[in-house]
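S.K.: This is the structure I want to talk about, given as structure tokens.
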Amino acid sequence: MCTYHILIEREDIIIKWCSDCNTYNLTYGNLMMQFSEDAIAQFKCNLSDCYEYYLAHTVDWNNRNIFFNTRMDSMQLLFSLNEVSELLSIIQEAELNQLAIL
């Protein structure tokens, strides 16, 4: 049985960690994504790379023009630079909060 710990909770974002199966649930608006430890690290790395690239190439931080591919060919996630920045910050803060639980 899963034992979830809320690592961070904001208005539209919640990150929970299951200490039994070592998975992360990231709820963002109406999306819920589940990650293994390696997968959330890769997602954070992708967000970081994306943030750095679009920081140099985007003027409007609120324009949703950043596409993230998913495993489904017909489904992509669409973010603004503000949203990418917020997600990256939240994941980093959740990592720090997880250290307090361990």
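Note on naming: chains are A, B, ... as they come in the structure tokens, residues start from 1 per chain, ligands start from 1 in the order shown.
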List as a compact mmCIF listing (two decimals) with N, CA and C atoms, in the first residue's frame the protein and nucleic acid residues near Asn22 in chain A, meaning an atom at most 10 Å away when only C-alpha atoms are counted, but skip any in the same chain fewer than 3 places from it.

M.R.:
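In the end it all went to part.txt:
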```txt
# COMPACT_ATOMS: atom_id res chain seq x y z
N CYS A 2 0.51 2.23 -0.75
CA CYS A 2 1.31 3.44 -0.88
C CYS A 2 1.16 4.36 0.33
N THR A 3 2.27 4.95 0.70
CA THR A 3 2.29 5.95 1.75
C THR A 3 2.77 7.25 1.12
N TYR A 4 1.82 8.15 0.85
CA TYR A 4 2.14 9.40 0.17
C TYR A 4 2.50 10.50 1.16
N TRP A 17 5.04 12.18 -2.91
CA TRP A 17 6.04 11.12 -3.04
C TRP A 17 5.58 9.92 -2.24
N CYS A 18 5.63 8.74 -2.84
CA CYS A 18 5.30 7.51 -2.14
C CYS A 18 6.60 6.88 -1.67
N SER A 19 6.73 6.77 -0.35
CA SER A 19 7.96 6.21 0.21
C SER A 19 8.00 4.69 0.08
N PHE A 35 5.74 9.65 -11.96
CA PHE A 35 7.13 9.49 -12.36
C PHE A 35 7.85 8.54 -11.42
N SER A 36 8.75 7.75 -11.98
CA SER A 36 9.73 7.04 -11.15
C SER A 36 10.79 8.07 -10.74
N GLU A 37 11.71 7.66 -9.91
CA GLU A 37 12.78 8.57 -9.49
C GLU A 37 13.62 9.03 -10.68
```

S.K.: Using DSSP secondary structure from the backbone, list all helix (DSSP H, G or I) positions within range 4-41 of chain A, as a PyMOL selection string.

M.R.: chain A and resi 37-41

S.K.: Please write the residues from the selection above to a file, keeping N, CA and C atoms, as a short mmCIF file (atom, residue, chain, number, x, y, z; two decimals), in the first residue's frame.

M.R.:
```cif
data_model
loop_
_atom_site.label_atom_id
_atom_site.label_comp_id
_atom_site.auth_asym_id
_atom_site.auth_seq_id
_atom_site.Cartn_x
_atom_site.Cartn_y
_atom_site.Cartn_z
N GLU A 37 11.71 7.66 -9.91
CA GLU A 37 12.78 8.57 -9.49
C GLU A 37 13.62 9.03 -10.68
N ASP A 38 13.96 8.09 -11.57
CA ASP A 38 14.73 8.45 -12.76
C ASP A 38 13.93 9.34 -13.71
N ALA A 39 12.64 9.06 -13.84
CA ALA A 39 11.80 9.82 -14.78
C ALA A 39 11.62 11.26 -14.32
N ILE A 40 11.45 11.49 -13.01
CA ILE A 40 11.28 12.88 -12.56
C ILE A 40 12.59 13.64 -12.70
N ALA A 41 13.72 12.95 -12.51
CA ALA A 41 15.02 13.59 -12.72
C ALA A 41 15.19 13.98 -14.19
#
```

S.K.: As an exercise, work out the distance from CA of Glu95 in chain A to CA of Leu7 in chain A in Å and give it to one decimal place.

M.R.: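 Taking CA of Glu95 in chain A as the start and CA of Leu7 in chain A as the end point, the length is 7.7 Å.
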
S.K.: Give me the residues near Gln92 in chain A as a list in words, where near means some atom within 12 Å (using only C-alpha atoms) and where sequence neighbours in that chain fewer than 2 positions away do not count.

M.R.: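 Using only C-alpha atoms, the neighbours found are Leu7, Ile8, Ile15, Ile40, Ala41, Phe43, Lys44, Cys45, Leu47, Ser48, Ser85, Glu86, Leu87, Leu88, Ser89, Ile90, Ala94, Glu95, Leu96, Asn97, Gln98 and Leu99 of chain A.
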
S.K.: Go ahead and compute the interatomic distance for CA of Gln42 in chain A and CA of Met1 in chain A, in Å to one decimal.

M.R.: 25.9 Å

S.K.: Just the residues within 12 Å of Val84 in chain A, please, counting only C-alpha atoms, with nothing from its chain fewer than 2 positions along; format it as a CSV table (one decimal) with N, CA and C atoms, in the first residue's frame.

M.R.:
```csv
chain,number,residue,atom,x,y,z
A,28,TYR,N,-0.8,19.0,-11.9
A,28,TYR,CA,-0.6,20.4,-12.4
A,28,TYR,C,-1.9,20.8,-13.1
A,43,PHE,N,12.7,14.6,-16.3
A,43,PHE,CA,11.7,15.6,-16.6
A,43,PHE,C,12.3,17.0,-16.1
A,44,LYS,N,12.9,17.0,-14.9
A,44,LYS,CA,13.5,18.2,-14.4
A,44,LYS,C,14.6,18.6,-15.3
A,45,CYS,N,15.4,17.7,-15.8
A,45,CYS,CA,16.5,18.1,-16.8
A,45,CYS,C,16.0,18.7,-18.0
A,46,ASN,N,14.9,18.1,-18.6
A,46,ASN,CA,14.3,18.6,-19.8
A,46,ASN,C,13.7,20.0,-19.5
A,47,LEU,N,13.1,20.2,-18.4
A,47,LEU,CA,12.5,21.5,-18.1
A,47,LEU,C,13.7,22.5,-18.0
A,48,SER,N,14.8,22.2,-17.4
A,48,SER,CA,15.9,23.0,-17.2
A,48,SER,C,16.5,23.4,-18.6
A,49,ASP,N,16.7,22.4,-19.4
A,49,ASP,CA,17.2,22.7,-20.8
A,49,ASP,C,16.3,23.6,-21.6
A,50,CYS,N,15.0,23.3,-21.5
A,50,CYS,CA,13.9,24.1,-22.1
A,50,CYS,C,13.9,25.5,-21.6
A,51,TYR,N,14.0,25.7,-20.3
A,51,TYR,CA,14.0,27.0,-19.7
A,51,TYR,C,15.2,27.8,-20.2
A,52,GLU,N,16.4,27.3,-20.2
A,52,GLU,CA,17.5,28.0,-20.7
A,52,GLU,C,17.5,28.4,-22.2
A,53,TYR,N,17.0,27.4,-23.0
A,53,TYR,CA,16.8,27.7,-24.4
A,53,TYR,C,15.8,28.8,-24.6
A,54,TYR,N,14.6,28.7,-24.1
A,54,TYR,CA,13.6,29.7,-24.4
A,54,TYR,C,13.8,31.0,-23.6
A,55,LEU,N,14.6,31.0,-22.6
A,55,LEU,CA,14.9,32.2,-21.9
A,55,LEU,C,15.6,33.2,-22.9
A,61,TRP,N,6.7,35.8,-21.9
A,61,TRP,CA,6.7,34.7,-21.0
A,61,TRP,C,5.4,34.0,-20.8
A,62,ASN,N,4.3,34.6,-21.2
A,62,ASN,CA,3.0,34.0,-21.0
A,62,ASN,C,2.4,33.3,-22.3
A,63,ASN,N,3.2,33.4,-23.4
A,63,ASN,CA,2.7,32.8,-24.6
A,63,ASN,C,3.0,31.3,-24.6
A,64,ARG,N,2.0,30.5,-24.7
A,64,ARG,CA,2.2,29.0,-24.7
A,64,ARG,C,2.6,28.5,-26.0
A,65,ASN,N,4.0,28.4,-26.1
A,65,ASN,CA,4.6,28.0,-27.4
A,65,ASN,C,5.6,26.9,-27.2
A,66,ILE,N,5.7,26.3,-26.0
A,66,ILE,CA,6.7,25.3,-25.7
A,66,ILE,C,6.0,23.9,-25.6
A,67,PHE,N,6.4,23.1,-26.6
A,67,PHE,CA,5.7,21.7,-26.6
A,67,PHE,C,6.6,20.7,-26.0
A,68,PHE,N,6.0,19.8,-25.2
A,68,PHE,CA,6.7,18.7,-24.6
A,68,PHE,C,6.0,17.4,-25.2
A,77,LEU,N,2.2,18.2,-24.4
A,77,LEU,CA,1.9,19.2,-23.4
A,77,LEU,C,2.4,20.5,-23.9
A,78,LEU,N,1.6,21.5,-23.6
A,78,LEU,CA,1.9,22.9,-24.1
A,78,LEU,C,2.1,23.8,-22.9
A,79,PHE,N,3.2,24.5,-22.8
A,79,PHE,CA,3.5,25.4,-21.7
A,79,PHE,C,4.0,26.7,-22.2
A,80,SER,N,3.9,27.7,-21.3
A,80,SER,CA,4.5,29.0,-21.5
A,80,SER,C,5.9,29.0,-20.7
A,81,LEU,N,6.7,29.9,-21.0
A,81,LEU,CA,8.0,30.0,-20.3
A,81,LEU,C,7.7,30.2,-18.8
A,82,ASN,N,6.7,31.0,-18.4
A,82,ASN,CA,6.3,31.1,-17.0
A,82,ASN,C,6.0,29.8,-16.4
A,86,GLU,N,7.9,27.9,-13.4
A,86,GLU,CA,7.2,27.5,-12.2
A,86,GLU,C,7.4,26.0,-11.9
A,87,LEU,N,7.2,25.2,-12.9
A,87,LEU,CA,7.4,23.8,-12.7
A,87,LEU,C,8.8,23.4,-12.2
A,88,LEU,N,9.8,24.0,-12.8
A,88,LEU,CA,11.2,23.7,-12.5
A,88,LEU,C,11.4,24.1,-11.0
A,89,SER,N,11.0,25.3,-10.7
A,89,SER,CA,11.2,25.8,-9.3
A,89,SER,C,10.5,24.9,-8.3
A,90,ILE,N,9.2,24.5,-8.6
A,90,ILE,CA,8.5,23.6,-7.7
A,90,ILE,C,9.1,22.3,-7.5
A,91,ILE,N,9.6,21.7,-8.6
A,91,ILE,CA,10.3,20.4,-8.5
A,91,ILE,C,11.5,20.5,-7.6
```

S.K.: Between A:Ile14, A:Ile101, A:Ala56, A:Met72, which is the closest to Met33 in chain A once you count only C-alpha atoms?

M.R.: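 Using only C-alpha atoms, the shortest distance to Met33 in chain A belongs to A:Ile14.
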